[in-house]
Amino acid sequence: MIKKERKIPIIILQYEALLRRIPPDHPKRPYILEELAKSKAGYNGEKSVDYHLAMIDQKKHYIYHGLRLEIGPHIFQIDSLLVLKNLLILIETKNILGTLYFDDHFSQLIRTLNGVETGFSDPRLQVDRQETLLQQFLKQNHIPCPPFKSLVVISNPSSIIKASSSLKKTSIIHGANLPSLIKKLESCHSTEILSDKEWSKLSRVLLKKNTLSIRKILPKFNLDEKDLIRGVYCPNCQLLPMDRTFSSWSCQHCRFSSRSVYLHSLIDYALLISPEITNKQARDFLQLPSKSSAYNLLRAFEHSGETKGRKYQLSSLLEQYR
């Protein structure tokens with residue numbers, strides 16, 4: 001049973017929002033497009049692995065996609081987690097094309113593509129860290145810890161996998177091999193560690209503790225707020241800015257109009273600048289004519305502070321991506 005669906009990663013939404021808000025000829029645009037392409041490739045790889053996971057017996061598993069958890073000062077993210085009463089399976093997905101050589105001696109992944117070698121950090125180190133932190137997470141929440149099995153799944157079926165050892169601790173496989181390997185792992189772990197009550201408790205805790213990751217993206221490209229184009233954009237054709245007419249917005253290009261379209265631009269603000277906004281900041285970013293017009297749009301949001309300096313919380317707009 002899928003307990004947490006895979007959501008489009010926030011970082012992709014941030015790149016898309018940034019591309020919307022900078023001029024077409026901005027010199028940083030090619031770099032943003034490159035990072036967006038990498039993120040989309042990773043996301044597509046994860047979705048292709050989800051296809052293979054759909055082949056397993058859903059009744060025996062609780063499946064969580066894209067969990068992001070905290071334990072003390074540490075934050076860790078798991079591409080996919082399968083929770084059985086007798087076993088936990090962590091899956092780290094990599095969508096990398098080429099011949100992939102996993103070097104134990106130097107703990108690195110070497111990709112050869114078109115005669116060019118490129119080094120990557122070893123994803124096995126990543127899943128080892130996830131496993132350690134998840135064990136601590138279970139202990140902190142007073143939940144028994146079943147045996148772990150960590151998998152690195154190569155989503156691209158044409159990639160060739162090579163290794164300097166037998167890869168016993170962390171298996172490295174192609175996505176198509178997932179169903180058969182999971183079935184084999186189930187047969188090797190027949191003793192139930194989690195009771196029905198503990199199984200349900202773990203599910204509640206994982207979903208409750210799952211958090212949203214919003215990185216500061218402007219500094220990554222040496223950009224500032226002043227580099228962003230202001231106004232409300234058209235979600236139908238992406239024109240920016242739309243025309244303000246009384247309490248509505250209309251698009252000169254596609255003639256789309258809406259009273260609530262400003263919410264899409266507030267999401268842009270939350271993704272690119274901050275998950276909280278003042279009346280003055282809203283007037284500037286949405287290009288509103290007065291304090292009262294901004295107040296009428298923001299008053300439905302939770303806020304802190306009184307009158308001058310009041311900050312409205314935009315995090316509710318991002319809950320759909322958690």
# chains A, B, ... in the order shown; residues from 1 in each chain; ligands from 1
call {"tool": "select_by_dssp", "arguments": {"residues": "region 70-183 of chain A", "states": "strand (DSSP E or B)", "output": "PyMOL selection string"}}
result
chain A and resi 70-71+74-83+88-94+99-103+108-113+116-121+148-154+160-163+170-174
call {"tool": "atom_distance", "arguments": {"atom1": "CA of Asp196 (chain A)", "atom2": "CA of Gly72 (chain A)"}}
result
27.8 Å
call {"tool": "residues_around", "arguments": {"residues": "Gly231 (chain A)", "least_positions_apart": "3", "cutoff": "10 Å", "atoms": "only C-alpha atoms", "output": "NGL selection string"}}
result
:A and (21 or 228 or 234 or 240-244 or 262 or 265 or 282-288)
call {"tool": "residues_around", "arguments": {"residues": "Lys149 (chain A)", "least_positions_apart": "2", "cutoff": "12 Å", "atoms": "only C-alpha atoms", "output": "ChimeraX atom specification"}}
result
/A:81-84,86-92,124,127-128,130-132,146-147,151-152,168-172,181-182,184-186,188-189
call {"tool": "closest_residue", "arguments": {"among": "A:Gln126, A:Ser165, A:Asn95, A:Asn279", "to": "Lys311 (chain A)", "atoms": "only C-alpha atoms"}}
result
A:Asn279
call {"tool": "select_by_dssp", "arguments": {"residues": "region 130-217 of chain A", "states": "alpha helix (DSSP H)", "output": "ChimeraX atom specification"}}
result
/A:130-140,178-188,196-209
call {"tool": "residues_around", "arguments": {"residues": "Pro157 (chain A)", "least_positions_apart": "2", "cutoff": "8 Å", "atoms": "only C-alpha atoms", "output": "ChimeraX atom specification"}}
result
/A:154-155,159,174-176
call {"tool": "atom_distance", "arguments": {"atom1": "CA of Leu298 (chain A)", "atom2": "CA of Ile273 (chain A)"}}
result
16.7 Å
call {"tool": "closest_atom_pairs", "arguments": {"of": "region 217-297 of chain A", "to": "region 29-39 of chain A", "cutoff": "12 Å", "atoms": "only C-alpha atoms", "output": "JSON lines"}}
result
{"residue": "A:Ile217", "atom": "CA", "partner": "A:Ile32", "partner_atom": "CA", "distance": 10.2}
{"residue": "A:Leu218", "atom": "CA", "partner": "A:Ile32", "partner_atom": "CA", "distance": 10.5}
{"residue": "A:Lys220", "atom": "CA", "partner": "A:Ile32", "partner_atom": "CA", "distance": 9.7}
{"residue": "A:Phe221", "atom": "CA", "partner": "A:Ile32", "partner_atom": "CA", "distance": 7.8}
{"residue": "A:Asn222", "atom": "CA", "partner": "A:Tyr31", "partner_atom": "CA", "distance": 11.4}
{"residue": "A:Leu223", "atom": "CA", "partner": "A:Arg29", "partner_atom": "CA", "distance": 11.1}
{"residue": "A:Asp227", "atom": "CA", "partner": "A:Arg29", "partner_atom": "CA", "distance": 11.9}
call {"tool": "closest_residue", "arguments": {"among": "A:Ile11, A:Ile110, A:Leu97, A:Leu206", "to": "Leu138 (chain A)", "atoms": "only C-alpha atoms"}}
result
A:Leu206
call {"tool": "closest_residue", "arguments": {"among": "A:Tyr101, A:Asn44, A:Glu319, A:Lys28", "to": "Ser213 (chain A)", "atoms": "only C-alpha atoms"}}
result
A:Glu319
call {"tool": "atom_distance", "arguments": {"atom1": "CA of Asn177 (chain A)", "atom2": "CA of Arg111 (chain A)"}}
result
21.1 Å
call {"tool": "residues_around", "arguments": {"residues": "Asn236 (chain A)", "least_positions_apart": "2", "cutoff": "10 Å", "atoms": "only C-alpha atoms", "output": "compact mmCIF listing (two decimals) with C-alpha atoms, in the first residue's frame"}}
result
# COMPACT_ATOMS: atom_id res chain seq x y z
CA TYR A 233 2.01 35.63 -14.01
CA CYS A 234 -0.52 33.81 -16.16
CA GLN A 238 3.22 32.05 -18.50
CA LEU A 239 2.95 35.73 -19.54
CA CYS A 251 -3.83 38.11 -19.61
CA HIS A 253 -1.88 37.18 -24.61
CA CYS A 254 -4.39 34.35 -24.02
CA ARG A 255 -7.29 36.32 -22.47
CA PHE A 256 -7.30 34.13 -19.37
CA SER A 257 -8.68 35.91 -16.31
